[in-house]
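Content type TSV, C-alpha atoms, from the file protein_14.tsv:
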chain	number	residue	atom	x	y	z
F	963	MET	CA	52.13	-0.67	67.23
F	964	THR	CA	48.90	-2.22	66.05
F	965	ALA	CA	47.41	-4.33	68.79
F	966	ASP	CA	47.57	-8.00	68.01
F	967	ARG	CA	44.66	-10.12	69.03
F	968	THR	CA	47.04	-12.00	71.26
F	969	THR	CA	48.91	-10.02	73.90
F	970	VAL	CA	52.50	-9.37	72.99
F	971	GLU	CA	54.68	-11.36	75.33
F	972	PRO	CA	57.44	-9.25	76.91
F	973	MET	CA	60.95	-10.29	75.96
F	974	ASP	CA	63.39	-11.75	78.48
F	975	CYS	CA	67.20	-11.57	78.39
F	976	ARG	CA	67.68	-15.15	77.22
F	977	GLU	CA	65.56	-14.39	74.20
F	978	PHE	CA	67.31	-11.09	73.59
F	979	VAL	CA	70.77	-12.66	73.28
F	980	GLU	CA	69.42	-14.94	70.52
F	981	ILE	CA	68.02	-12.12	68.39
F	982	VAL	CA	70.62	-9.42	69.02
F	983	SER	CA	72.43	-10.08	65.73
F	984	ASP	CA	69.18	-9.89	63.74
F	985	TYR	CA	68.40	-6.66	65.61
F	986	ILE	CA	71.76	-5.19	64.55
F	987	GLU	CA	71.10	-6.41	61.01
F	988	ALA	CA	67.70	-4.66	61.04
F	989	ALA	CA	66.26	-8.01	60.03
F	990	LEU	CA	63.52	-8.24	62.66
F	991	ALA	CA	59.84	-7.89	61.81
F	992	GLU	CA	58.30	-4.68	63.13
F	993	THR	CA	56.55	-6.34	66.09
F	994	GLU	CA	59.77	-8.10	67.09
F	995	ARG	CA	61.80	-4.94	66.78
F	996	LEU	CA	59.38	-3.11	69.07
F	997	ARG	CA	59.45	-5.96	71.61
F	998	THR	CA	63.26	-5.81	71.52
F	999	GLU	CA	63.37	-2.07	72.00
F	1000	ALA	CA	60.87	-2.25	74.85
F	1001	HIS	CA	63.09	-4.80	76.55
F	1002	LEU	CA	66.26	-2.82	75.93
F	1003	ALA	CA	64.68	0.31	77.40
F	1004	GLY	CA	64.25	-1.44	80.72
F	1005	CYS	CA	67.31	-3.70	80.83
F	1006	ALA	CA	70.80	-2.33	81.47
F	1007	GLY	CA	72.26	-5.84	81.19
F	1008	CYS	CA	71.03	-6.29	77.64
F	1009	ARG	CA	72.08	-2.79	76.70
F	1010	ALA	CA	75.57	-3.76	77.84
F	1011	TYR	CA	75.31	-7.00	75.86
F	1012	LEU	CA	74.25	-5.11	72.72
F	1013	ASP	CA	77.19	-2.76	73.22
F	1014	GLN	CA	79.55	-5.75	73.54
F	1015	MET	CA	78.18	-7.23	70.33
F	1016	GLU	CA	78.63	-3.96	68.42
F	1017	ARG	CA	82.18	-3.66	69.73
F	1018	THR	CA	82.83	-7.27	68.74
F	1019	ILE	CA	81.98	-6.30	65.15
F	1020	THR	CA	84.27	-3.26	65.38
F	1021	ILE	CA	87.14	-5.44	66.62
F	1022	LEU	CA	86.53	-7.96	63.82
F	1023	ARG	CA	86.80	-5.20	61.24
F	1024	ARG	CA	90.27	-4.44	62.60
F	1025	ILE	CA	91.52	-7.88	61.57
F	1026	ALA	CA	91.26	-6.68	57.97
F	1027	ASP	CA	92.93	-3.34	58.76
F	1028	ARG	CA	95.90	-5.08	60.30
F	1029	ASP	CA	96.16	-7.60	57.51
F	1030	ALA	CA	96.30	-5.00	54.77
F	1031	ASP	CA	99.83	-6.10	53.94
F	1032	VAL	CA	101.20	-5.04	50.62
F	1033	VAL	CA	100.72	-7.74	48.05
F	1034	ALA	CA	104.03	-9.53	47.83
F	1035	GLN	CA	102.90	-11.22	44.66
F	1036	ARG	CA	102.60	-7.99	42.75
F	1037	ALA	CA	105.72	-8.35	40.61
F	1038	THR	CA	104.86	-11.89	39.55
F	1039	LEU	CA	101.31	-10.87	38.81
F	1040	VAL	CA	102.35	-7.97	36.66
F	1041	GLU	CA	104.46	-10.38	34.61
F	1042	ARG	CA	101.45	-12.66	34.28
F	1043	PHE	CA	99.38	-9.69	33.19
F	1044	ARG	CA	101.88	-8.76	30.48
F	1045	ALA	CA	101.91	-12.35	29.23
F	1046	TRP	CA	98.13	-12.36	29.14
F	1047	ARG	CA	98.06	-9.03	27.28
F	1048	ASP	CA	100.60	-10.26	24.75
F	1049	SER	CA	98.67	-13.47	24.14
F	1050	ARG	CA	95.59	-11.36	23.39
F	1051	ASP	CA	97.46	-9.13	21.02
F	1052	THR	CA	98.67	-12.06	18.95
F	1053	ARG	CA	95.30	-13.76	18.88
Y	940	MET	CA	66.72	-15.56	46.95
Y	941	THR	CA	66.55	-19.27	46.56
Y	942	MET	CA	69.51	-21.56	46.85
Y	943	ALA	CA	68.70	-23.08	43.45
Y	944	ILE	CA	69.29	-19.77	41.73
Y	945	ALA	CA	72.53	-19.22	43.54
Y	946	LEU	CA	73.83	-22.65	42.63
Y	947	GLU	CA	72.90	-22.20	39.04
Y	948	LEU	CA	74.80	-18.93	38.95
Y	949	ASP	CA	77.73	-20.49	40.72
Y	950	GLN	CA	77.83	-23.24	38.18
Y	951	ARG	CA	77.70	-20.85	35.29
Y	952	SER	CA	80.54	-18.78	36.61
Y	953	GLY	CA	82.39	-22.00	37.39
Y	954	ARG	CA	82.18	-23.00	33.76
Y	955	SER	CA	83.39	-19.69	32.49
Y	956	PHE	CA	86.91	-20.26	33.71
Y	957	GLY	CA	87.57	-23.78	32.69
Y	958	GLY	CA	85.25	-26.24	34.39
Y	959	LEU	CA	86.73	-26.49	37.85
Y	960	GLY	CA	83.94	-28.76	38.81
Y	961	TYR	CA	82.07	-26.87	41.49
Y	962	PRO	CA	79.46	-27.46	42.63
Y	963	PRO	CA	79.54	-31.22	42.09
Y	964	ASN	CA	76.59	-33.41	41.10
Y	965	LEU	CA	74.33	-30.68	39.95
Y	966	PRO	CA	72.16	-30.83	36.87
Y	967	PRO	CA	73.50	-28.68	34.05
Y	968	ALA	CA	72.20	-25.15	33.91
Y	969	ARG	CA	69.41	-24.71	31.39
Y	970	PRO	CA	70.63	-22.15	28.90
Y	971	THR	CA	67.11	-21.46	27.59
Y	972	VAL	CA	66.04	-20.04	30.94
Y	973	PRO	CA	66.49	-16.28	31.03
Y	974	ALA	CA	69.23	-15.17	33.38
Y	975	PRO	CA	67.94	-14.73	36.92
Y	976	ARG	CA	67.75	-11.10	37.92
Y	977	HIS	CA	69.41	-11.60	41.25
Y	978	GLU	CA	72.90	-10.75	40.16
Y	979	GLY	CA	71.59	-7.56	38.64
Y	980	SER	CA	70.29	-6.56	42.02
Y	981	LEU	CA	73.78	-6.95	43.45
Y	982	ARG	CA	75.05	-4.23	41.22
Y	983	GLU	CA	71.89	-2.20	41.62
Y	984	SER	CA	72.81	-1.94	45.29
Y	985	MET	CA	75.97	-0.11	44.16
Y	986	SER	CA	75.77	3.59	43.49
Y	987	GLU	CA	75.67	4.71	39.86
Y	988	ALA	CA	79.07	6.28	40.32
Y	989	ALA	CA	80.50	2.99	41.65
Y	990	ILE	CA	79.04	1.05	38.72
Y	991	GLY	CA	80.46	3.60	36.31
Y	992	ALA	CA	83.89	3.41	37.93
Y	993	GLU	CA	83.81	-0.36	37.80
Y	994	ASP	CA	82.79	-0.43	34.14
Y	995	GLN	CA	85.68	1.92	33.36
Y	996	LEU	CA	88.09	-0.28	35.25
Y	997	ILE	CA	86.91	-3.34	33.32
Y	998	ALA	CA	87.27	-1.50	30.03
Y	999	ARG	CA	90.81	-0.49	30.97
Y	1000	LEU	CA	91.68	-4.08	31.90
Y	1001	ARG	CA	90.35	-5.35	28.59
Y	1002	ARG	CA	92.50	-2.81	26.80
Y	1003	GLY	CA	95.51	-4.26	28.63
Y	1004	ASP	CA	96.06	-1.31	30.97
Y	1005	GLU	CA	98.65	-2.52	33.48
Y	1006	ALA	CA	97.89	0.22	36.02
Y	1007	ALA	CA	94.27	-0.91	36.11
Y	1008	PHE	CA	95.39	-4.43	36.91
Y	1009	VAL	CA	97.71	-3.26	39.69
Y	1010	GLU	CA	94.86	-1.20	41.10
Y	1011	LEU	CA	92.64	-4.27	41.16
Y	1012	VAL	CA	95.31	-6.46	42.75
Y	1013	GLU	CA	95.95	-3.90	45.45
Y	1014	ARG	CA	92.30	-3.42	46.15
Y	1015	HIS	CA	91.34	-7.08	46.44
Y	1016	GLY	CA	94.60	-8.97	46.97
Y	1017	PRO	CA	94.76	-8.84	50.79
Y	1018	ALA	CA	91.13	-9.89	51.17
Y	1019	LEU	CA	91.58	-12.71	48.64
Y	1020	LEU	CA	94.46	-14.05	50.68
Y	1021	ARG	CA	92.48	-13.93	53.90
Y	1022	VAL	CA	89.59	-15.78	52.32
Y	1023	ALA	CA	91.90	-18.34	50.67
Y	1024	ARG	CA	93.30	-19.14	54.11
Y	1025	MET	CA	89.83	-20.24	55.14
Y	1026	TYR	CA	90.17	-23.12	52.73
Y	1027	CYS	CA	93.86	-23.90	52.38
Y	1028	THR	CA	97.17	-23.99	54.20
Y	1029	GLU	CA	99.19	-20.79	54.19
Y	1030	SER	CA	101.53	-21.72	51.32
Y	1031	VAL	CA	98.75	-23.08	49.12
Y	1032	ALA	CA	96.60	-20.01	49.84
Y	1033	GLU	CA	99.14	-17.81	48.07
Y	1034	GLU	CA	99.15	-20.07	45.03
Y	1035	VAL	CA	95.36	-20.06	45.02
Y	1036	VAL	CA	95.35	-16.26	44.93
Y	1037	GLN	CA	97.82	-16.30	42.01
Y	1038	GLU	CA	95.63	-18.78	40.15
Y	1039	THR	CA	92.60	-16.64	40.90
Y	1040	TRP	CA	94.17	-13.63	39.18
Y	1041	ILE	CA	94.99	-15.75	36.17
Y	1042	GLY	CA	91.38	-16.99	36.21
Y	1043	VAL	CA	90.23	-13.38	36.33
Y	1044	LEU	CA	92.34	-12.45	33.31
Y	1045	ASN	CA	91.22	-15.47	31.34
Y	1046	GLY	CA	87.57	-14.89	32.19
Y	1047	LEU	CA	87.57	-11.14	31.72
Y	1048	ASP	CA	86.18	-11.16	28.20
Y	1049	ARG	CA	83.27	-13.30	29.36
Y	1050	PHE	CA	82.50	-11.24	32.45
Y	1051	GLU	CA	79.04	-9.81	31.84
Y	1052	GLY	CA	78.85	-7.42	34.75
Y	1053	ARG	CA	75.72	-8.97	36.23
Y	1054	ALA	CA	77.47	-9.46	39.56
Y	1055	SER	CA	79.82	-6.91	40.98
Y	1056	LEU	CA	83.41	-7.41	39.94
Y	1057	ARG	CA	84.30	-8.27	43.52
Y	1058	THR	CA	81.63	-10.98	43.83
Y	1059	TRP	CA	82.80	-12.47	40.54
Y	1060	ILE	CA	86.47	-12.49	41.58
Y	1061	PHE	CA	85.70	-14.10	44.94
Y	1062	ARG	CA	83.61	-16.74	43.27
Y	1063	ILE	CA	86.57	-17.67	41.09
Y	1064	LEU	CA	88.73	-17.81	44.21
Y	1065	ALA	CA	86.20	-20.01	46.04
Y	1066	ASN	CA	86.12	-22.49	43.15
Y	1067	ILE	CA	89.89	-22.76	42.93
Y	1068	ALA	CA	90.33	-22.86	46.71
Y	1069	ARG	CA	87.76	-25.59	47.14
Y	1070	THR	CA	89.41	-27.73	44.50
Y	1071	ARG	CA	92.82	-27.27	46.09
Y	1072	GLY	CA	91.45	-27.73	49.60
Y	1073	GLU	CA	89.88	-31.02	48.60
Y	1074	ARG	CA	93.16	-32.18	47.13
Y	1075	GLU	CA	94.82	-31.38	50.44
Y	1076	HIS	CA	92.08	-33.34	52.22
Y	1077	ARG	CA	91.31	-30.38	54.35
Y	1078	GLN	CA	87.96	-29.77	55.90
Y	1079	VAL	CA	86.23	-27.89	53.14
Y	1080	PRO	CA	83.59	-25.33	53.94
Y	1081	PHE	CA	80.44	-25.95	51.99
Y	1082	SER	CA	78.30	-23.16	53.20
Y	1083	ALA	CA	75.59	-23.89	50.68
Y	1084	PHE	CA	74.97	-27.24	52.30
Y	1085	ALA	CA	75.44	-26.14	55.88
Y	1086	ASN	CA	72.61	-26.96	58.22
Y	1087	PRO	CA	72.61	-24.11	60.71
Y	1088	SER	CA	70.30	-25.93	63.11
Y	1089	ALA	CA	72.90	-28.67	63.52
Y	1090	ASP	CA	74.78	-26.40	65.93
Y	1091	ALA	CA	72.10	-24.95	68.14
Y	1092	GLU	CA	74.06	-24.01	71.23
Y	1093	PRO	CA	72.69	-21.06	73.18
Y	1094	ALA	CA	74.44	-17.76	72.46
Y	1095	VAL	CA	75.18	-17.28	76.17
Y	1096	ASP	CA	75.74	-19.87	78.90
Y	1097	PRO	CA	72.25	-20.52	80.43
Y	1098	ASP	CA	73.80	-20.45	83.92
Y	1099	ARG	CA	74.16	-16.69	83.57
Y	1100	PHE	CA	70.38	-16.27	83.70
Y	1101	ASN	CA	67.98	-16.82	86.58
Y	1102	PRO	CA	66.45	-20.29	86.21
Y	1103	PRO	CA	62.84	-20.66	85.03
Y	1104	GLY	CA	60.26	-20.55	87.80
Y	1105	THR	CA	62.22	-18.04	89.87
Y	1106	GLU	CA	61.65	-14.33	90.13
Y	1107	TRP	CA	63.25	-12.62	87.12
Y	1108	ALA	CA	63.40	-15.97	85.33
Y	1109	ASN	CA	65.61	-15.84	82.20
Y	1110	HIS	CA	67.04	-12.44	83.10
Y	1111	TRP	CA	70.71	-11.81	83.79
Y	1112	ILE	CA	71.94	-12.89	87.24
Y	1113	SER	CA	74.70	-10.32	86.94
Y	1114	HIS	CA	74.88	-7.90	84.05
Y	1115	PRO	CA	77.53	-8.18	81.34
Y	1116	ARG	CA	80.14	-5.48	81.79
Y	1117	ARG	CA	80.29	-2.52	79.51
Y	1118	TRP	CA	83.41	-2.60	77.39
Y	1119	ASP	CA	83.35	1.16	76.88
Y	1120	GLU	CA	84.53	1.40	80.49
Y	1121	LEU	CA	87.72	-0.38	79.49
Y	1122	PRO	CA	90.77	1.65	78.54
Y	1123	GLU	CA	91.07	1.82	74.75
Y	1124	VAL	CA	94.54	0.27	74.89
Y	1125	VAL	CA	92.92	-2.94	76.08
Y	1126	SER	CA	89.83	-3.11	73.88
Y	1127	GLU	CA	91.71	-2.03	70.77
Y	1128	SER	CA	94.99	-3.86	71.40
Y	1129	SER	CA	96.53	-6.20	68.86
Y	1130	GLU	CA	96.17	-8.92	71.47
Y	1131	THR	CA	92.41	-8.39	71.53
Y	1132	VAL	CA	92.27	-8.47	67.73
Y	1133	ALA	CA	94.32	-11.70	67.84
Y	1134	VAL	CA	91.79	-13.23	70.25
Y	1135	ALA	CA	89.03	-12.44	67.76
Y	1136	ARG	CA	91.03	-13.99	64.95
Y	1137	ARG	CA	91.66	-17.19	66.91
Y	1138	ALA	CA	87.98	-17.36	67.82
Y	1139	ILE	CA	87.12	-17.22	64.10
Y	1140	ASP	CA	89.61	-19.99	63.34
Y	1141	ALA	CA	87.89	-22.22	65.89
Y	1142	LEU	CA	84.41	-21.79	64.36
Y	1143	PRO	CA	82.64	-24.43	62.28
Y	1144	PRO	CA	83.53	-23.73	58.61
Y	1145	ALA	CA	80.21	-22.26	57.48
Y	1146	GLN	CA	80.11	-19.84	60.42
Y	1147	ARG	CA	83.73	-18.91	59.77
Y	1148	ASP	CA	82.98	-18.16	56.10
Y	1149	VAL	CA	80.06	-15.90	56.89
Y	1150	ILE	CA	81.64	-13.90	59.71
Y	1151	THR	CA	84.88	-13.47	57.74
Y	1152	LEU	CA	83.12	-12.00	54.73
Y	1153	ARG	CA	80.52	-9.98	56.65
Y	1154	ASP	CA	82.37	-8.60	59.65
Y	1155	VAL	CA	86.06	-8.84	58.75
Y	1156	GLU	CA	85.75	-7.95	55.06
Y	1157	GLY	CA	82.66	-5.80	55.49
Y	1158	TRP	CA	80.58	-7.32	52.70
Y	1159	SER	CA	76.82	-6.82	52.48
Y	1160	SER	CA	74.57	-9.76	53.37
Y	1161	GLU	CA	73.41	-9.90	49.72
Y	1162	GLU	CA	76.97	-10.32	48.49
Y	1163	VAL	CA	77.68	-13.03	51.06
Y	1164	CYS	CA	74.49	-14.94	50.20
Y	1165	ALA	CA	75.38	-14.84	46.51
Y	1166	SER	CA	79.01	-15.81	47.00
Y	1167	LEU	CA	78.37	-18.66	49.45
Y	1168	SER	CA	75.05	-19.76	47.94
Y	1169	LEU	CA	73.21	-19.19	51.19
Y	1170	SER	CA	69.62	-18.22	51.86
Y	1171	ALA	CA	69.20	-14.93	53.71
Y	1172	VAL	CA	67.87	-16.76	56.75
Y	1173	ASN	CA	70.75	-19.24	56.92
Y	1174	GLN	CA	73.24	-16.44	56.48
Y	1175	ARG	CA	71.75	-14.64	59.48
Y	1176	VAL	CA	71.67	-17.78	61.64
Y	1177	LEU	CA	75.31	-18.56	60.86
Y	1178	LEU	CA	76.32	-14.96	61.49
Y	1179	HIS	CA	74.48	-14.91	64.82
Y	1180	ARG	CA	76.16	-18.11	66.03
Y	1181	ALA	CA	79.57	-16.92	64.91
Y	1182	ARG	CA	79.24	-13.47	66.48
Y	1183	ALA	CA	78.00	-14.99	69.76
Y	1184	LYS	CA	81.10	-17.20	69.98
Y	1185	VAL	CA	83.55	-14.45	69.11
Y	1186	ARG	CA	81.88	-12.15	71.63
Y	1187	ALA	CA	82.18	-14.84	74.32
Y	1188	ALA	CA	85.89	-15.29	73.56
Y	1189	LEU	CA	86.46	-11.53	73.72
Y	1190	GLU	CA	84.52	-11.26	76.96
Y	1191	GLN	CA	86.68	-13.94	78.55
Y	1192	HIS	CA	89.83	-12.21	77.33
Y	1193	LEU	CA	88.73	-8.73	78.42
Y	1194	GLU	CA	87.61	-9.92	81.85
Y	1195	MET	CA	91.07	-11.33	82.45
Y	1196	ALA	CA	92.66	-8.08	81.28
Y	1197	ARG	CA	90.88	-6.01	83.91

Could the structure of this file be written out as structure tokens, please?
Amino acid sequence: MTADRTTVEPMDCREFVEIVSDYIEAALAETERLRTEAHLAGCAGCRAYLDQMERTITILRRIADRDADVVAQRATLVERFRAWRDSRDTR
Amino acid sequence: MTMAIALELDQRSGRSFGGLGYPPNLPPARPTVPAPRHEGSLRESMSEAAIGAEDQLIARLRRGDEAAFVELVERHGPALLRVARMYCTESVAEEVVQETWIGVLNGLDRFEGRASLRTWIFRILANIARTRGEREHRQVPFSAFANPSADAEPAVDPDRFNPPGTEWANHWISHPRRWDELPEVVSESSETVAVARRAIDALPPAQRDVITLRDVEGWSSEEVCASLSLSAVNQRVLLHRARAKVRAALEQHLEMAR
């Protein structure tokens, strides 16, 4: 890390929980990312919090898996498609 | 990307399937201005193979290939329904999805392939759903006009940190528990997934939109920004707030399940 003219302030846990999503998104500036990783290296509580956040995202993804119900509208839609195709053919 | 570009694009796509009137009160798009490159970048983020496959699918649809249409409906139908439910009651959501497919068919010849097919389809859905949602006088999400700073609650209850001025100020009083120590039956149960779903339902609309598309549907941030007309920064702020609340709800649920 290039040394800033100002000293880099160490991160505390309250700050970490506000940037954790940006950290997961890889949206932090380099200096911020390094501050975050320095904090994580020394803080088991925030490592657990990061783990919880990553698992939260995994659980959210499962909403879609469970909802992958077969499209009940398929028959109606196919009829609509045929009507659309026919209207094009006669145009 | 700027919001102005996104709105202009939204308006153009809005016009292409029959003037559904979203977004309201905006100046007309200037047709002399060359098309913004942003939508191109959406497809550039797809692999060449994916773009090729999509172009083939579009060509098949235009030829009237029924199997191609069924493929498309099966691929996007469930997600369309989930997103429609963000805007409308259950029964109306199904109608909105039907109308969306008709909008897709009617707009197909004018689809220029600047956005991905999926982004384009969801934009049609959003326009129809908003119109129907307004008619039902439901709270309509308007992510583009959301002010993320209006809801600036801390991600975690401040009482869980040592107060300022003390030793270890702003550090955890007691550490959050690791969920990987939980049996998988608990952390992966349908009850846990249901808790997450209810937590999403309770979110402010703009946060709900973003977390649904990003984390439930697995869209990229670029796609979400384009579809909801959000700046990258606002998208991240909304996502952060939403994830923090869902995590808190899950934590409460999982603590009780111990």

Requested in this report: Write out as a PyMOL selection string every residue belonging to chain F that has an atom at most 9 Å from any atom of chain Y, counting all atoms listed in the file.
Outcome: chain F and resi 974-977+979-984+987+989+1006-1011+1013-1015+1017-1033+1035-1036+1038-1040+1042-1044+1046-1048+1050

Those same residues, written as a compact mmCIF listing (two decimals), in the frame of the given file with C-alpha atoms?
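What landed in part.txt:
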# COMPACT_ATOMS: atom_id res chain seq x y z
CA ASP F 974 63.39 -11.75 78.48
CA CYS F 975 67.20 -11.57 78.39
CA ARG F 976 67.68 -15.15 77.22
CA GLU F 977 65.56 -14.39 74.20
CA VAL F 979 70.77 -12.66 73.28
CA GLU F 980 69.42 -14.94 70.52
CA ILE F 981 68.02 -12.12 68.39
CA VAL F 982 70.62 -9.42 69.02
CA SER F 983 72.43 -10.08 65.73
CA ASP F 984 69.18 -9.89 63.74
CA GLU F 987 71.10 -6.41 61.01
CA ALA F 989 66.26 -8.01 60.03
CA ALA F 1006 70.80 -2.33 81.47
CA GLY F 1007 72.26 -5.84 81.19
CA CYS F 1008 71.03 -6.29 77.64
CA ARG F 1009 72.08 -2.79 76.70
CA ALA F 1010 75.57 -3.76 77.84
CA TYR F 1011 75.31 -7.00 75.86
CA ASP F 1013 77.19 -2.76 73.22
CA GLN F 1014 79.55 -5.75 73.54
CA MET F 1015 78.18 -7.23 70.33
CA ARG F 1017 82.18 -3.66 69.73
CA THR F 1018 82.83 -7.27 68.74
CA ILE F 1019 81.98 -6.30 65.15
CA THR F 1020 84.27 -3.26 65.38
CA ILE F 1021 87.14 -5.44 66.62
CA LEU F 1022 86.53 -7.96 63.82
CA ARG F 1023 86.80 -5.20 61.24
CA ARG F 1024 90.27 -4.44 62.60
CA ILE F 1025 91.52 -7.88 61.57
CA ALA F 1026 91.26 -6.68 57.97
CA ASP F 1027 92.93 -3.34 58.76
CA ARG F 1028 95.90 -5.08 60.30
CA ASP F 1029 96.16 -7.60 57.51
CA ALA F 1030 96.30 -5.00 54.77
CA ASP F 1031 99.83 -6.10 53.94
CA VAL F 1032 101.20 -5.04 50.62
CA VAL F 1033 100.72 -7.74 48.05
CA GLN F 1035 102.90 -11.22 44.66
CA ARG F 1036 102.60 -7.99 42.75
CA THR F 1038 104.86 -11.89 39.55
CA LEU F 1039 101.31 -10.87 38.81
CA VAL F 1040 102.35 -7.97 36.66
CA ARG F 1042 101.45 -12.66 34.28
CA PHE F 1043 99.38 -9.69 33.19
CA ARG F 1044 101.88 -8.76 30.48
CA TRP F 1046 98.13 -12.36 29.14
CA ARG F 1047 98.06 -9.03 27.28
CA ASP F 1048 100.60 -10.26 24.75
CA ARG F 1050 95.59 -11.36 23.39

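You will find atom CA of Y:Thr1058 at 6.6 Å from atom CA of Y:Glu1162.
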
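Counting from atom CA of Y:Phe1061, the distance to atom CA of Y:Met1025 is 12.6 Å.
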
**Report entry** Nearest candidate to F:Ile986 (options F:Cys1005, F:Ala1037, F:Thr998, F:Pro972; using only C-alpha atoms)
**Finding:**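 Of F:Cys1005, F:Ala1037, F:Thr998, F:Pro972, the one nearest F:Ile986 is F:Thr998, counting only C-alpha atoms.
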
Query raised in the report: Of the candidates Y:Lys1184, Y:Ser1166, Y:Glu1194, Y:Arg1062, which one gets nearest to Y:Ala1138 if we count only C-alpha atoms?
Result: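 Looking at the shortest contact to Y:Ala1138, the residue is Y:Lys1184.
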